[in-house]
Amino acid sequence: MSGRTILKSRVVLIGPPACGKGTQASLLSAAFSIPHVSTGEILRKERAAESPIGLEADRYAREGHLFPDDLALRVVRQWMDNRTRFIFDGFPRTIGQAIEFDKMLFERSIPLDVVYLLEISDEEVLARMLGRLTCSKCGAVYNTRFHALAMGDACPKCQGSLVRRSDDTREALEHRLAEYKTFTQPVADYYTSKGLLKAIDVEAARDEVFQILYADMKEEAL
Ligand SMILES: [Zn+2]
């Protein structure tokens with residue numbers, strides 16, 4: 001029996017910090033020509049542009065708070081416009097966002113095709129986050145887990161000095177991880193109950209993880 005290939009084109013990627021969801025989302029976006037959207041990325045641009053929504057986001061970021069659901073949803077609604085295909089990375093982050101996002105998609109008759117939960121051990125998340133080095137000159141980010149570089153080395157791109165962000169302490173990172181779990185576990189449970197969640201082990205190499213996601217998005221339908 002020969003099946004039809006149906007491309008999953010409404011996709012959400014969730015997972016802990018440093019699980020590589022941003023990288024995978026942009027690889028998949030390029031491979032399938034589906035727009036990749038990161039609410040964090042949009043908000044960074046809005047903050048840089050000092051737009052009204054950017055200034056609002058800035059206040060939360062300064063106080064070290066997560067962006068409220070309402071703000072994230074406004075950004076998404078604005079971005080969605082007339083689009084019907086997307087790969088979201090890091091959204092929805094809370095159960096409130098997931099429920100409202102569902103309503104938005106239902107109104108537009110464009111239901112989600114799949115939600116990938118990128119899974120990785122807590123130890124690996126912490127090791128990756130602690131291994132992160134930033135160039136003090138050009139802002140490029142490297143990781144001692146994947147690159148043969150150490151703190152104080154010269155940036156391969158611009159020769160600037162590589163430093164560790166001062167807020168990347170083990171305590172702060174453990175807090176971020178705990179926060180992720182508190183907010184995102186209910187999101188994963190919600191999508192499981194809808195039969196949309198697929199857990200993918202991402203301890204493997206980046207290209208291997210990409211091949212798994214790529215094949216799944218392009219799955220043959222019988
Ligand atoms: Zn540099």
# chains A, B, ... in the order shown; residues from 1 in each chain; ligands from 1
call {"tool": "residues_around", "arguments": {"residues": "range 110-117 of chain A", "least_positions_apart": "5", "cutoff": "7 Å", "atoms": "only C-alpha atoms", "output": "PyMOL selection string"}}
result
chain A and resi 8-15+84+105+196-200
call {"tool": "write_last_selection", "arguments": {"atoms": "C-alpha atoms", "output": "short mmCIF file (atom, residue, chain, number, x, y, z; two decimals), in the first residue's frame"}}
result
data_model
loop_
_atom_site.label_atom_id
_atom_site.label_comp_id
_atom_site.auth_asym_id
_atom_site.auth_seq_id
_atom_site.Cartn_x
_atom_site.Cartn_y
_atom_site.Cartn_z
CA LYS A 8 2.99 18.38 9.79
CA SER A 9 2.99 22.14 9.42
CA ARG A 10 1.60 23.38 12.75
CA VAL A 11 4.19 22.41 15.25
CA VAL A 12 5.17 23.33 18.81
CA LEU A 13 8.54 22.53 20.40
CA ILE A 14 8.77 22.61 24.18
CA GLY A 15 11.63 21.60 26.44
CA THR A 84 -1.59 28.99 8.88
CA LEU A 105 -6.34 27.98 16.62
CA LEU A 196 -0.66 15.56 20.50
CA LEU A 197 2.50 15.12 22.57
CA LYS A 198 5.54 13.26 21.30
CA ALA A 199 8.54 12.99 23.63
CA ILE A 200 11.91 13.00 21.87
#
call {"tool": "select_by_dssp", "arguments": {"residues": "range 45-147 of chain A", "states": "alpha helix (DSSP H)", "output": "PyMOL selection string"}}
result
chain A and resi 45-49+52-62+69-80+95-107+122-130
call {"tool": "residues_around", "arguments": {"residues": "Gly131 in chain A", "least_positions_apart": "4", "cutoff": "6 Å", "atoms": "only C-alpha atoms", "output": "list of chain:residue names"}}
result
A:Ala127, A:Asn143, A:Thr144
call {"tool": "select_by_dssp", "arguments": {"residues": "range 26-119 of chain A", "states": "strand (DSSP E)", "output": "number ranges by chain"}}
result
A: 36-37, 86-89, 114-119
call {"tool": "residues_near_ligand", "arguments": {"ligand": "ligand 1", "cutoff": "9 Å", "atoms": "only C-alpha atoms and all ligand atoms", "output": "PDB file with C-alpha atoms, in the first residue's frame"}}
result
ATOM      1  CA  THR A 134      29.579  34.401  25.545  1.00  0.00           C
ATOM      2  CA  CYS A 135      31.915  36.598  23.514  1.00  0.00           C
ATOM      3  CA  SER A 136      32.282  39.930  25.319  1.00  0.00           C
ATOM      4  CA  LYS A 137      32.746  41.655  21.958  1.00  0.00           C
ATOM      5  CA  CYS A 138      30.344  40.171  19.367  1.00  0.00           C
ATOM      6  CA  GLY A 139      27.935  38.300  21.644  1.00  0.00           C
ATOM      7  CA  ALA A 140      28.407  34.905  19.945  1.00  0.00           C
ATOM      8  CA  VAL A 141      27.513  32.004  22.248  1.00  0.00           C
ATOM      9  CA  ALA A 154      39.612  34.205  22.120  1.00  0.00           C
ATOM     10  CA  CYS A 155      36.333  34.167  20.182  1.00  0.00           C
ATOM     11  CA  PRO A 156      36.841  32.178  16.934  1.00  0.00           C
ATOM     12  CA  LYS A 157      34.822  34.814  15.051  1.00  0.00           C
ATOM     13  CA  CYS A 158      36.229  38.119  16.315  1.00  0.00           C
ATOM     14  CA  GLN A 159      39.028  37.360  18.811  1.00  0.00           C
ATOM     15  CA  GLY A 160      37.040  38.956  21.640  1.00  0.00           C
ATOM     16  CA  SER A 161      37.341  37.407  25.099  1.00  0.00           C
ATOM     17  CA  LEU A 162      34.954  34.583  26.063  1.00  0.00           C
TER      18      LEU A 162
END
call {"tool": "closest_residue", "arguments": {"among": "A:Glu56, A:Glu63, A:Asp69, A:Glu46", "to": "Gln97 in chain A", "atoms": "only C-alpha atoms"}}
result
A:Asp69
call {"tool": "residues_around", "arguments": {"residues": "Val125 in chain A", "least_positions_apart": "6", "cutoff": "7 Å", "atoms": "only C-alpha atoms", "output": "list in words"}}
result
Pro17, Ala18 and Cys19 of chain A
